[in-house]
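Visitor: Please see the structure below; I have some questions.
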Amino acid sequence: MITLKSRREIDEMKRAGEILVATHQEIAKMIKPGITTWDIEVFTEKFLKSQGATPEQKGFEGYEFATCASINDEICHGFPRKTALKEGDIVTVDMVVNYRGALADSAWTYAVGEVSEEVKHLMDVTRKALYLGIEQAKVGNRIGDIGHAIQTYVEGENLSVVRDFIGHGVGPTLHEKPEVPHYGEPGKGPRLKEGMVITIEPMVNIGDWRAKMDDNGWTARTVDGSLSAQYEHTIAITKDGPEILTYQGEND
């Protein structure tokens, strides 16, 4: 069942989004060679507590951490660890914030020091693909319009779109209907209605789009070892167009 949110519920989710954005903005200041994703994990736990919020994904289906931290060829659900990040790495930090029962979900890919032109291209294309998808998130369109916009742009840039992990509805629980693939056919899938709240979160690879799972049962990585990037926002479908509940302002 797809739940529709009231304006009050969307505003509450937007407040959760503001806390999530503030967390990402602090993480952005931390990213440099030598830092560990465990440092980011510890900071996130403390910061959310200081804001009266909690990390929703901690404990979700047995997941043990406040953040997912996916490095280089890891597509998603990387575990925070005490290995130092190196110059030229990329790391995607994904988190879900619960503030007084309202949820917001956002991931961001960060460059560690200077990265290659190929990696800059990957990051730029992935972020632009997110916004091309968001442009399609309006009343009367269908889920397939979002995926089609993302897929055609990404593949036109000679990169690939991950199929195994997709966006979703969010609130009142972490993963709700509808599913939001980042590929597909225009005019197909559920119709978007005012009050729906979804995540759009394209994961884009330099090489093959396929994923393989680590032995931990959570972390997905590219089958060919190529790098992967992801950007994600939580979006409310409103009569006035898509409303980004996790908008980062000038950093977006």
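Residue numbering restarts at 1 in every chain; chains get A, B, ... in the order shown in the structure tokens, and ligands count up from 1 in that same order.
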Tell me which protein, DNA and RNA residues are within 9 Å of Gly169 (chain A), counting only C-alpha atoms, leaving out same-chain ones fewer than 5 positions away, and put them as a list in words.

Guide: Ile2, Thr3, Leu174, His175, Glu176, Lys177, Pro178, Glu179, Val180, Met196, Val197, Ile198, Thr199 and Thr234 of chain A

Visitor: Store the residues of this selection in a file with N, CA, C and O atoms, as a short mmCIF file (atom, residue, chain, number, x, y, z; two decimals), in the first residue's frame.

Guide:
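File produced: out_8.cif:
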```cif
data_model
loop_
_atom_site.label_atom_id
_atom_site.label_comp_id
_atom_site.auth_asym_id
_atom_site.auth_seq_id
_atom_site.Cartn_x
_atom_site.Cartn_y
_atom_site.Cartn_z
N ILE A 2 0.54 2.23 -0.82
CA ILE A 2 1.25 3.50 -0.87
C ILE A 2 0.54 4.47 0.05
O ILE A 2 -0.65 4.74 -0.10
N THR A 3 1.28 5.01 1.04
CA THR A 3 0.69 5.96 1.97
C THR A 3 0.88 7.39 1.46
O THR A 3 1.94 7.73 0.93
N LEU A 174 10.89 2.70 7.14
CA LEU A 174 12.04 3.01 6.30
C LEU A 174 11.82 2.68 4.84
O LEU A 174 12.15 3.47 3.96
N HIS A 175 11.30 1.51 4.56
CA HIS A 175 11.08 1.09 3.16
C HIS A 175 9.60 0.86 2.93
O HIS A 175 9.02 -0.09 3.46
N GLU A 176 9.00 1.73 2.16
CA GLU A 176 7.57 1.66 1.83
C GLU A 176 7.40 1.50 0.32
O GLU A 176 8.34 1.69 -0.45
N LYS A 177 6.19 1.18 -0.10
CA LYS A 177 5.85 1.25 -1.51
C LYS A 177 5.72 2.72 -1.89
O LYS A 177 5.38 3.55 -1.05
N PRO A 178 5.97 3.13 -3.14
CA PRO A 178 6.32 2.27 -4.26
C PRO A 178 7.83 2.06 -4.38
O PRO A 178 8.62 2.82 -3.82
N GLU A 179 8.22 1.03 -5.12
CA GLU A 179 9.61 0.89 -5.52
C GLU A 179 9.93 1.92 -6.60
O GLU A 179 9.08 2.22 -7.45
N VAL A 180 11.16 2.46 -6.56
CA VAL A 180 11.54 3.53 -7.49
C VAL A 180 12.85 3.13 -8.19
O VAL A 180 13.94 3.53 -7.76
N MET A 196 2.62 11.65 -1.86
CA MET A 196 3.60 10.57 -1.83
C MET A 196 4.96 11.14 -1.45
O MET A 196 5.30 12.26 -1.83
N VAL A 197 5.73 10.38 -0.68
CA VAL A 197 7.11 10.74 -0.35
C VAL A 197 8.00 9.56 -0.72
O VAL A 197 7.76 8.44 -0.27
N ILE A 198 8.99 9.82 -1.57
CA ILE A 198 9.84 8.77 -2.11
C ILE A 198 11.31 9.18 -2.00
O ILE A 198 11.63 10.35 -1.82
N THR A 199 12.18 8.19 -2.12
CA THR A 199 13.59 8.48 -2.32
C THR A 199 13.95 8.23 -3.78
O THR A 199 13.43 7.31 -4.41
N THR A 234 15.32 12.68 -0.37
CA THR A 234 13.93 12.36 -0.07
C THR A 234 13.05 13.45 -0.69
O THR A 234 13.30 14.64 -0.48
#
```

Visitor: If you run DSSP on the backbone here, which positions in region 69-236 of chain A get alpha helix (DSSP H)? Please write them as a ChimeraX atom specification.

Guide: /A:117-135,143-156

Visitor: Only C-alpha atoms, please: the residues just picked out, written as a PDB file, in the first residue's frame.

Guide:
```pdb
ATOM      1  CA  GLU A 117      38.964  13.288 -14.092  1.00  0.00           C
ATOM      2  CA  GLU A 118      37.249   9.930 -14.633  1.00  0.00           C
ATOM      3  CA  VAL A 119      36.040   9.923 -11.039  1.00  0.00           C
ATOM      4  CA  LYS A 120      34.916  13.561 -11.234  1.00  0.00           C
ATOM      5  CA  HIS A 121      32.881  12.610 -14.307  1.00  0.00           C
ATOM      6  CA  LEU A 122      31.294   9.706 -12.413  1.00  0.00           C
ATOM      7  CA  MET A 123      30.330  11.949  -9.518  1.00  0.00           C
ATOM      8  CA  ASP A 124      29.051  14.779 -11.714  1.00  0.00           C
ATOM      9  CA  VAL A 125      26.926  12.461 -13.860  1.00  0.00           C
ATOM     10  CA  THR A 126      25.455  10.669 -10.847  1.00  0.00           C
ATOM     11  CA  ARG A 127      24.472  13.912  -9.159  1.00  0.00           C
ATOM     12  CA  LYS A 128      22.963  15.349 -12.351  1.00  0.00           C
ATOM     13  CA  ALA A 129      21.078  12.079 -12.896  1.00  0.00           C
ATOM     14  CA  LEU A 130      19.500  12.486  -9.458  1.00  0.00           C
ATOM     15  CA  TYR A 131      18.111  15.899 -10.408  1.00  0.00           C
ATOM     16  CA  LEU A 132      16.912  14.718 -13.812  1.00  0.00           C
ATOM     17  CA  GLY A 133      14.965  12.052 -11.945  1.00  0.00           C
ATOM     18  CA  ILE A 134      13.607  14.581  -9.474  1.00  0.00           C
ATOM     19  CA  GLU A 135      12.342  16.757 -12.347  1.00  0.00           C
ATOM     20  CA  ILE A 143       7.540   5.926 -11.678  1.00  0.00           C
ATOM     21  CA  GLY A 144       8.953   4.809 -15.025  1.00  0.00           C
ATOM     22  CA  ASP A 145       9.398   8.447 -16.084  1.00  0.00           C
ATOM     23  CA  ILE A 146      11.899   8.911 -13.240  1.00  0.00           C
ATOM     24  CA  GLY A 147      13.915   5.821 -14.091  1.00  0.00           C
ATOM     25  CA  HIS A 148      13.900   6.512 -17.812  1.00  0.00           C
ATOM     26  CA  ALA A 149      15.253  10.042 -17.355  1.00  0.00           C
ATOM     27  CA  ILE A 150      18.084   8.740 -15.179  1.00  0.00           C
ATOM     28  CA  GLN A 151      18.973   5.731 -17.321  1.00  0.00           C
ATOM     29  CA  THR A 152      19.040   7.494 -20.673  1.00  0.00           C
ATOM     30  CA  TYR A 153      21.266  10.281 -19.350  1.00  0.00           C
ATOM     31  CA  VAL A 154      23.696   7.991 -17.509  1.00  0.00           C
ATOM     32  CA  GLU A 155      24.074   5.535 -20.369  1.00  0.00           C
ATOM     33  CA  GLY A 156      24.528   8.442 -22.763  1.00  0.00           C
TER      34      GLY A 156
END
```

Visitor: What lies within 10 Å of Glu26 (chain A) using only C-alpha atoms, ignoring chain neighbours under 5 positions off, as JSON, numbers by chain?

Guide: {"A": [21, 31, 40, 43, 44, 47]}

Visitor: Kindly export the residues of the current selection with all heavy atoms, as a PDB file, in the first residue's frame.

Guide:
```
ATOM      1  N   VAL A  21      20.682  16.950   6.765  1.00  0.00           N
ATOM      2  CA  VAL A  21      21.528  17.855   5.968  1.00  0.00           C
ATOM      3  C   VAL A  21      22.643  18.434   6.822  1.00  0.00           C
ATOM      4  O   VAL A  21      23.812  18.483   6.404  1.00  0.00           O
ATOM      5  CB  VAL A  21      20.675  18.979   5.342  1.00  0.00           C
ATOM      6  CG1 VAL A  21      21.558  20.105   4.815  1.00  0.00           C
ATOM      7  CG2 VAL A  21      19.809  18.421   4.225  1.00  0.00           C
ATOM      8  N   ILE A  31      35.974  15.102   5.661  1.00  0.00           N
ATOM      9  CA  ILE A  31      36.526  14.209   4.654  1.00  0.00           C
ATOM     10  C   ILE A  31      37.916  14.662   4.217  1.00  0.00           C
ATOM     11  O   ILE A  31      38.084  15.760   3.685  1.00  0.00           O
ATOM     12  CB  ILE A  31      35.598  14.122   3.425  1.00  0.00           C
ATOM     13  CG1 ILE A  31      34.223  13.580   3.820  1.00  0.00           C
ATOM     14  CG2 ILE A  31      36.229  13.256   2.343  1.00  0.00           C
ATOM     15  CD1 ILE A  31      34.167  12.147   4.223  1.00  0.00           C
ATOM     16  N   ILE A  40      33.484   8.854  11.076  1.00  0.00           N
ATOM     17  CA  ILE A  40      32.218   9.419  10.603  1.00  0.00           C
ATOM     18  C   ILE A  40      31.041   8.794  11.355  1.00  0.00           C
ATOM     19  O   ILE A  40      30.097   9.486  11.760  1.00  0.00           O
ATOM     20  CB  ILE A  40      32.070   9.215   9.085  1.00  0.00           C
ATOM     21  CG1 ILE A  40      33.151  10.021   8.346  1.00  0.00           C
ATOM     22  CG2 ILE A  40      30.672   9.595   8.605  1.00  0.00           C
ATOM     23  CD1 ILE A  40      33.250   9.697   6.870  1.00  0.00           C
ATOM     24  N   PHE A  43      30.923  10.228  14.917  1.00  0.00           N
ATOM     25  CA  PHE A  43      30.436  11.603  14.875  1.00  0.00           C
ATOM     26  C   PHE A  43      28.923  11.637  14.646  1.00  0.00           C
ATOM     27  O   PHE A  43      28.198  12.392  15.316  1.00  0.00           O
ATOM     28  CB  PHE A  43      31.128  12.395  13.761  1.00  0.00           C
ATOM     29  CG  PHE A  43      30.405  13.673  13.448  1.00  0.00           C
ATOM     30  CD1 PHE A  43      30.525  14.770  14.277  1.00  0.00           C
ATOM     31  CD2 PHE A  43      29.528  13.740  12.359  1.00  0.00           C
ATOM     32  CE1 PHE A  43      29.816  15.929  14.027  1.00  0.00           C
ATOM     33  CE2 PHE A  43      28.823  14.893  12.105  1.00  0.00           C
ATOM     34  CZ  PHE A  43      28.962  15.998  12.940  1.00  0.00           C
ATOM     35  N   THR A  44      28.447  10.843  13.686  1.00  0.00           N
ATOM     36  CA  THR A  44      27.023  10.868  13.330  1.00  0.00           C
ATOM     37  C   THR A  44      26.153  10.479  14.519  1.00  0.00           C
ATOM     38  O   THR A  44      25.140  11.144  14.797  1.00  0.00           O
ATOM     39  CB  THR A  44      26.763   9.929  12.137  1.00  0.00           C
ATOM     40  OG1 THR A  44      27.512  10.402  11.010  1.00  0.00           O
ATOM     41  CG2 THR A  44      25.287   9.882  11.782  1.00  0.00           C
ATOM     42  N   PHE A  47      26.183  13.441  16.947  1.00  0.00           N
ATOM     43  CA  PHE A  47      25.517  14.628  16.422  1.00  0.00           C
ATOM     44  C   PHE A  47      24.007  14.459  16.411  1.00  0.00           C
ATOM     45  O   PHE A  47      23.262  15.370  16.817  1.00  0.00           O
ATOM     46  CB  PHE A  47      26.032  14.943  15.020  1.00  0.00           C
ATOM     47  CG  PHE A  47      25.499  16.233  14.463  1.00  0.00           C
ATOM     48  CD1 PHE A  47      26.057  17.449  14.837  1.00  0.00           C
ATOM     49  CD2 PHE A  47      24.435  16.238  13.566  1.00  0.00           C
ATOM     50  CE1 PHE A  47      25.554  18.648  14.340  1.00  0.00           C
ATOM     51  CE2 PHE A  47      23.928  17.417  13.063  1.00  0.00           C
ATOM     52  CZ  PHE A  47      24.491  18.629  13.453  1.00  0.00           C
TER      53      PHE A  47
END
```

Visitor: Could you pull out the strand (DSSP E) residues of region 23-84 of chain A from DSSP and send them as a ChimeraX atom specification?

Guide: /A:54-55,68-71,74-76

Visitor: For Pro190 (chain A), which residue out of A:Ala107, A:Met1, A:Val162, A:Cys68 is the nearest one, using only C-alpha atoms?

Guide: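 Once distances to Pro190 (chain A) are computed over only C-alpha atoms, the minimum belongs to A:Met1.
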
Visitor: Between A:Glu194, A:Asp252, A:Asp214, A:Gly113, which one has atoms that come closest to Ser6 (chain A), using only C-alpha atoms?

Guide: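 The closest residue to Ser6 (chain A) is A:Glu194.
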
Visitor: As a PyMOL selection string, please: the residues near region 50-55 of chain A (cut-off 10 Å, only C-alpha atoms, same-chain neighbours under 4 positions excluded).

Guide: chain A and resi 16+19-20+22-23+44-46+59-60+65-67+95-103

Visitor: Quick one: write out the picked residues with C-alpha atoms as an mmCIF file, in the first residue's frame?

Guide:
```cif
data_model
loop_
_atom_site.group_PDB
_atom_site.id
_atom_site.type_symbol
_atom_site.label_atom_id
_atom_site.label_comp_id
_atom_site.auth_asym_id
_atom_site.auth_seq_id
_atom_site.Cartn_x
_atom_site.Cartn_y
_atom_site.Cartn_z
ATOM 1 C CA ALA A 16 14.186 15.418 9.987
ATOM 2 C CA ILE A 19 18.987 17.514 10.743
ATOM 3 C CA LEU A 20 20.218 15.017 8.163
ATOM 4 C CA ALA A 22 23.339 19.412 8.919
ATOM 5 C CA THR A 23 24.971 16.038 9.569
ATOM 6 C CA THR A 44 27.023 10.868 13.330
ATOM 7 C CA GLU A 45 25.766 9.015 16.418
ATOM 8 C CA LYS A 46 26.805 11.886 18.706
ATOM 9 C CA GLY A 59 18.872 -2.100 14.052
ATOM 10 C CA PHE A 60 16.906 -2.212 10.794
ATOM 11 C CA PHE A 65 25.411 1.006 12.368
ATOM 12 C CA ALA A 66 24.082 4.560 12.161
ATOM 13 C CA THR A 67 25.611 5.044 8.706
ATOM 14 C CA MET A 95 21.862 7.592 6.541
ATOM 15 C CA VAL A 96 18.249 7.766 7.664
ATOM 16 C CA VAL A 97 17.275 10.211 10.412
ATOM 17 C CA ASN A 98 14.307 9.754 12.707
ATOM 18 C CA TYR A 99 13.140 12.952 14.378
ATOM 19 C CA ARG A 100 10.084 12.478 16.583
ATOM 20 C CA GLY A 101 8.861 9.666 14.346
ATOM 21 C CA ALA A 102 9.400 11.479 11.041
ATOM 22 C CA LEU A 103 12.016 10.052 8.649
#
```

Visitor: I'd like the neighbourhood of Asp94 (chain A) as a list in words, where a residue qualifies if any of its atoms comes within 10 Å (using only C-alpha atoms), though same-chain residues fewer than 4 positions away should be ignored.

Guide: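 Residues meeting the cut-off are Leu20, His24, Gln57, Ala66, Thr67, Cys68, Ala69, Ser70, Cys76, His77, Gly78, Asp105, Ser106, Ala107, Trp108, Thr109, Gln230, Tyr231 and Glu232 of chain A.
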
Visitor: Go ahead and write the selection's residues with C-alpha atoms as a short mmCIF file (atom, residue, chain, number, x, y, z; two decimals), in the first residue's frame.

Guide:
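Printed below is out-v7.cif as written:
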```
data_model
loop_
_atom_site.label_atom_id
_atom_site.label_comp_id
_atom_site.auth_asym_id
_atom_site.auth_seq_id
_atom_site.Cartn_x
_atom_site.Cartn_y
_atom_site.Cartn_z
CA LEU A 20 20.22 15.02 8.16
CA HIS A 24 26.15 15.75 5.96
CA GLN A 57 18.78 2.31 10.04
CA ALA A 66 24.08 4.56 12.16
CA THR A 67 25.61 5.04 8.71
CA CYS A 68 26.41 3.11 5.59
CA ALA A 69 29.87 4.04 4.31
CA SER A 70 30.68 2.61 0.88
CA CYS A 76 25.96 0.49 -1.04
CA HIS A 77 25.62 -0.74 2.54
CA GLY A 78 29.33 -0.63 3.31
CA ASP A 105 16.90 9.53 3.93
CA SER A 106 19.87 10.87 1.97
CA ALA A 107 23.21 9.65 0.62
CA TRP A 108 26.13 11.69 -0.69
CA THR A 109 29.39 10.73 -2.39
CA GLN A 230 25.44 7.51 -5.32
CA TYR A 231 23.42 10.61 -4.51
CA GLU A 232 20.03 10.44 -2.82
#
```

Visitor: Could you tell me how far CA of Gly249 (chain A) lies from CA of Arg8 (chain A), in Å and to one decimal?

Guide: 22.3 Å

Visitor: Just the number, please: distance in Å from CA of Arg142 (chain A) to CA of Glu243 (chain A), one decimal.

Guide: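 Going from CA of Arg142 (chain A) over to CA of Glu243 (chain A) covers 16.5 Å.
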
Visitor: Choose the residue, out of A:Lys29, A:Pro186, A:Val223, A:Leu159, that has the smallest atom-to-atom separation from Ala111 (chain A); count only C-alpha atoms.

Guide: A:Lys29

Visitor: For Gly207 (chain A), find every residue with an atom within 8 Å (counting only C-alpha atoms), except residues of its own chain fewer than 6 positions away, and show them as a ChimeraX atom specification.

Guide: /A:159-160,224,226-227

Visitor: CA of Leu4 (chain A) to CA of Lys138 (chain A): how many Å, to one decimal?

Guide: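 Interatomic distance, CA of Leu4 (chain A) to CA of Lys138 (chain A): 14.0 Å.
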
Visitor: Considering only C-alpha atoms, return as a list in words whatever protein or nucleic-acid residues lie within 8 Å of Ile71 (chain A), sequence-local ones (same chain, fewer than 4 positions apart) excluded.

Guide: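 Here the answer would be Ile75, Gly78, Asp89, Ile90, Val91 and Thr92 of chain A.
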
Visitor: With distances taken over only C-alpha atoms, which residue among A:Gly17, A:Gly225, A:Gly187, A:Pro80 lies nearest Asp208 (chain A)?

Guide: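 Closest residue, counting only C-alpha atoms: A:Gly225.
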